[in-house]
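Colleague: After the structure tokens below, expect a handful of questions from me.
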Amino acid sequence: MKLSPDVSLREVDWILPQKRAPLARLGLQSLGDLLKHYPRRYEDRRDFDRFPESEMSRPVCLRGTITKTSFKRLGGWRRVFEATLENPSAGLLSSPITLRWFNMPYMQKLIMTGLDLVIYGRPKAKGRQILIDHPEYEALEAGDETSIHMRRIVPVHPAGDGITPRQLREIIHRAIEATDLESVPSLLPGKDRGNLQADSLRAIHFPTSPEAIEDARCDLALEEFFSMQLLIQSRRQRWRHADGMAKHPREDLVEKLLNSLPFSPTGSQMKVIDEIRDDLASPRRMNRLLQGDVGSGKTLVALAAMVHTVDAGFGAAIMAPTQILAEQHYLNFQRLLAPLGIPLVLRTGSKKTQDTPLFSKLPPIYVGTHALLFDESPDFRPGLVVIDEQHKFGVMQRAKLMERSGAPDVLVMTATPIPRTLTQTLYGDLEVSILSEKPANRGEVRTVVRASTKLPEVAAYIRTRIEKGRQAYIVYPLIDESEKLEAKAAAEEFEKWKSLLEPHAIGLLHGRMNTEDKASAMEAFRSGRTAVLVSTTVIEVGVDVPNATVLLVENAERFGLAQLHQLRGRIGRSEWKGTCVLLHDPKAPTESVEKLNVLEETSDGFAVAEADLRLRGPGNLLGTAQTGLPPLRLGDLLADGALMSEASLLAKDLLERDPTLGEPDHVNLLRFVQQSEAALEASAG
């Protein structure tokens, strides 16, 4: 009789007791958990690779015998264990491979002369020698020729301390044979789902061909995407049907604001302002994303939305990710709102400032950080909440704002361009507006990539720009020197730049400074009292000093492309041309430097974001704490756009037919949504 996937591994007699703790550390508690512990890669052991005679750009899978081992000291604390792998069946036709493990002396007890091995790693050349450093390996045993470990496409599952990929392979193979695969819970609708999923689970773990792997992956990935879309669209449906309050302006203050500007808004800005004003005037609660590249003018759109709200008799609030950005918004809004007589309140973790024009009867606009989330004062009842740089906040923080009394509308903004597939995933619960133009009064920004040996020339260039009245940012990845990370640090380099650029005034800004010192450093730079600001990435988001035309980033290879694009957005914010210089360590890996060329070639944020996602993967955008979505094990958000769209349509169709998931067939779906939301709320504190 087949076992239920719910059966605990503690009740399975063919799993050795000493293996249960290592399995538990991998999060594997039941047979169902084992079935969802998918391989991280496959080795085609139907025919092994030939022993290479030169360096290769890809890993190889080799079978051979260890003929010699040695353990060497390299001086200091460095030691290396070497093993020679030969292919006995090839005779003189095959050159031996040297396998190396550094600072792992215990390998002497695991790899011995005469041992038959399968190894996986990338060959590199050193003189006439072919080396593979720290290869993955698996010892072969008698009888393996007809086992699940040889003469087939072999899965390699994520292993851990106390359990090897080989042992996991054996346990999972036994689990597939012993479990009722058709009863494994599935969220995807369909009468034949049990049979299809059973076939997919067999094929994903022990495939008969590469094509079988892809077919199984697509089927199981569709279920992953469906679970995401079910959560996203149930949230969207809940918020769309939440009662709002129509906001009808009385004096048309938005027109007065736009007419008072020294420039004309772009057509894109005006289109989005109209979309948002229509939303605000509707009794349905607004939940909209405003997406625009750096410098596209999102802040003006947000201000217009807040002015519309105040004009209708409601307060409004904007929540920024940093105190520096909140204070910048406050100063900019003071100048723009004074002629309109709109009160302004600044609330951050350490500051509370109120600017109330005389005789004003209008509600205020609140400017703050995430401290606004916890503001329970009776006067803080905004009718609109704007969240600046949404990716710095989580879904539950946004939900917390929406649940405030008074049913506020919500506008979230991001300057991180996101491909459509990811937008569906990260912001599928939102209506989306995109700013596709940049204001006409913005200067061109040229980006150059150079080795750090060019620093003297860069310093000379910065001096010439300063002497023409411009200002510059110099950005470092660290605050203080680190023994573990060879990267320049802002605090240490600050002294160097003071001497390089004297007598010009230099400022320092980083996250460990107290609030007053940060504000003082930023104000000195904003007012022009300091010509150069040496900083960490605290200037990444939103900082706006139009006179700054040079950005120098040291150790640029240590940053992601999207973050560098954000930093680059700090210049070119006026009619003057800007220059972004990305300096890299001459010893940095080639691939780390080559990625920087993307920034030389394009200023299009979407192109930069897609390149960044290809290089780093979308995992950083899809942290479960940020989105409250289940993790992806098989789905690829960049490559599987068609699957995501299919999952989106399936979820939409299901929720249109059963909005409350109250039908008997949907009990498991309702339970999944409720458990996911409860877990997200618990993780948000």
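Naming works like this for the structure tokens: A, B, ... for the chains as they're shown, residue 1 at the start of each chain, ligands 1 onward in shown order.
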Pull the closest atom pair for each residue of range 164-278 of chain A that gets at most 10 Å from range 42-58 of chain A, along with the distance in Å to one decimal, counting only C-alpha atoms, ordering rows by chain and then ascending residue number, as a Markdown table.

Modeller:
| residue | atom | partner | partner_atom | distance |
| --- | --- | --- | --- | --- |
| A:Ile204 | CA | A:Tyr42 | CA | 10.0 |
| A:His205 | CA | A:Tyr42 | CA | 9.3 |
| A:Phe206 | CA | A:Tyr42 | CA | 9.4 |
| A:Pro207 | CA | A:Tyr42 | CA | 9.3 |
| A:Ser209 | CA | A:Asp44 | CA | 9.3 |
| A:Pro210 | CA | A:Asp44 | CA | 9.1 |
| A:Ile213 | CA | A:Tyr42 | CA | 9.4 |

Colleague: Please return as a PyMOL selection string: the residues of range 517-630 of chain A that backbone DSSP assigns to alpha helix (DSSP H).

Modeller: chain A and resi 517-526+561-568+590-594+597-601+605-616+624-627

Colleague: Calculated over only C-alpha atoms, which of the candidates A:Gln229, A:Asn514, A:Thr65, A:Gln197 has the smallest distance to Ser645 in chain A?

Modeller: A:Gln229

Colleague: Write out as a ChimeraX atom specification which residues come within 10 Å of Leu23 in chain A when counting only C-alpha atoms, dropping same-chain ones fewer than 2 positions away.

Modeller: /A:9,15,18-21,25-30,33-34,159-163,168

Colleague: Any chance you could export the current selection's N, CA and C atoms as a compact mmCIF listing (two decimals), in the first residue's frame?

Modeller:
# COMPACT_ATOMS: atom_id res chain seq x y z
N LEU A 9 8.92 11.62 8.25
CA LEU A 9 10.11 10.80 7.99
C LEU A 9 10.53 10.01 9.23
N ILE A 15 14.57 4.95 6.40
CA ILE A 15 15.47 6.10 6.57
C ILE A 15 16.22 5.91 7.88
N GLN A 18 20.12 8.15 12.01
CA GLN A 18 21.17 9.18 12.02
C GLN A 18 21.04 10.16 10.84
N LYS A 19 20.17 9.84 9.87
CA LYS A 19 19.98 10.73 8.72
C LYS A 19 18.78 11.67 8.91
N ARG A 20 17.99 11.45 9.94
CA ARG A 20 16.79 12.27 10.12
C ARG A 20 17.13 13.70 10.53
N ALA A 21 18.13 13.87 11.37
CA ALA A 21 18.52 15.23 11.77
C ALA A 21 19.09 16.02 10.59
N ARG A 25 17.44 19.48 9.00
CA ARG A 25 18.16 20.75 8.80
C ARG A 25 17.94 21.30 7.40
N LEU A 26 17.62 20.43 6.45
CA LEU A 26 17.29 20.86 5.09
C LEU A 26 15.81 21.22 4.95
N GLY A 27 15.07 21.15 6.05
CA GLY A 27 13.64 21.46 6.01
C GLY A 27 12.79 20.30 5.53
N LEU A 28 13.34 19.08 5.58
CA LEU A 28 12.64 17.90 5.06
C LEU A 28 12.11 17.09 6.24
N GLN A 29 10.78 17.17 6.46
CA GLN A 29 10.15 16.52 7.60
C GLN A 29 9.20 15.40 7.19
N SER A 30 8.71 15.43 5.95
CA SER A 30 7.73 14.45 5.50
C SER A 30 8.11 13.92 4.13
N ASP A 33 7.75 16.58 1.58
CA ASP A 33 8.89 17.50 1.53
C ASP A 33 10.00 16.93 0.65
N LEU A 34 10.24 15.63 0.76
CA LEU A 34 11.26 14.99 -0.08
C LEU A 34 10.92 15.12 -1.55
N ALA A 159 22.37 19.11 -0.91
CA ALA A 159 22.68 18.30 0.27
C ALA A 159 23.09 19.20 1.43
N GLY A 160 23.61 18.61 2.48
CA GLY A 160 24.00 19.41 3.64
C GLY A 160 24.89 18.62 4.57
N ASP A 161 25.18 19.21 5.72
CA ASP A 161 26.04 18.57 6.70
C ASP A 161 25.41 17.27 7.18
N GLY A 162 26.13 16.17 6.99
CA GLY A 162 25.64 14.89 7.47
C GLY A 162 24.90 14.07 6.44
N ILE A 163 24.71 14.61 5.25
CA ILE A 163 24.03 13.84 4.20
C ILE A 163 24.55 14.28 2.83
N LEU A 168 20.96 11.35 -0.53
CA LEU A 168 19.67 11.98 -0.81
C LEU A 168 19.01 11.36 -2.03

Colleague: Would you list the contacts of range 215-217 of chain A as a PyMOL selection string, taking every protein, DNA or RNA residue within 8 Å and counting only C-alpha atoms, but skipping same-chain residues closer than 5 positions in sequence?

Modeller: chain A and resi 199-201+203-204+634-635

Colleague: Give me, please, the distance in Å between CA of Leu552 in chain A and CA of Ala531 in chain A, quoted to one decimal.

Modeller: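 These atoms are spaced 13.6 Å apart.
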
Colleague: Contacts between range 267-286 of chain A and range 304-336 of chain A, please, where a residue of range 304-336 of chain A counts if it comes within 8 Å (with only C-alpha atoms); show its shortest atom pair and distance in Å to one decimal, rows by chain and ascending number, as CSV.

Modeller:
residue,atom,partner,partner_atom,distance
A:Ala304,CA,A:Ile273,CA,6.9
A:Ala305,CA,A:Ile276,CA,6.7
A:His308,CA,A:Arg277,CA,7.1
A:Thr309,CA,A:Leu280,CA,7.5

Colleague: Write out the residues from the selection above, keeping N, CA, C and O atoms, as a compact mmCIF listing (two decimals), in the first residue's frame.

Modeller:
# COMPACT_ATOMS: atom_id res chain seq x y z
N ALA A 304 1.37 66.46 -6.90
CA ALA A 304 0.07 66.82 -7.48
C ALA A 304 -1.05 65.98 -6.88
O ALA A 304 -2.15 66.49 -6.59
N ALA A 305 -0.79 64.69 -6.67
CA ALA A 305 -1.79 63.81 -6.06
C ALA A 305 -2.10 64.26 -4.64
O ALA A 305 -3.27 64.27 -4.21
N HIS A 308 -4.17 67.51 -4.72
CA HIS A 308 -5.56 67.19 -5.05
C HIS A 308 -6.29 66.72 -3.79
O HIS A 308 -7.43 67.12 -3.52
N THR A 309 -5.63 65.85 -3.01
CA THR A 309 -6.25 65.30 -1.81
C THR A 309 -6.53 66.39 -0.78
O THR A 309 -7.60 66.43 -0.17
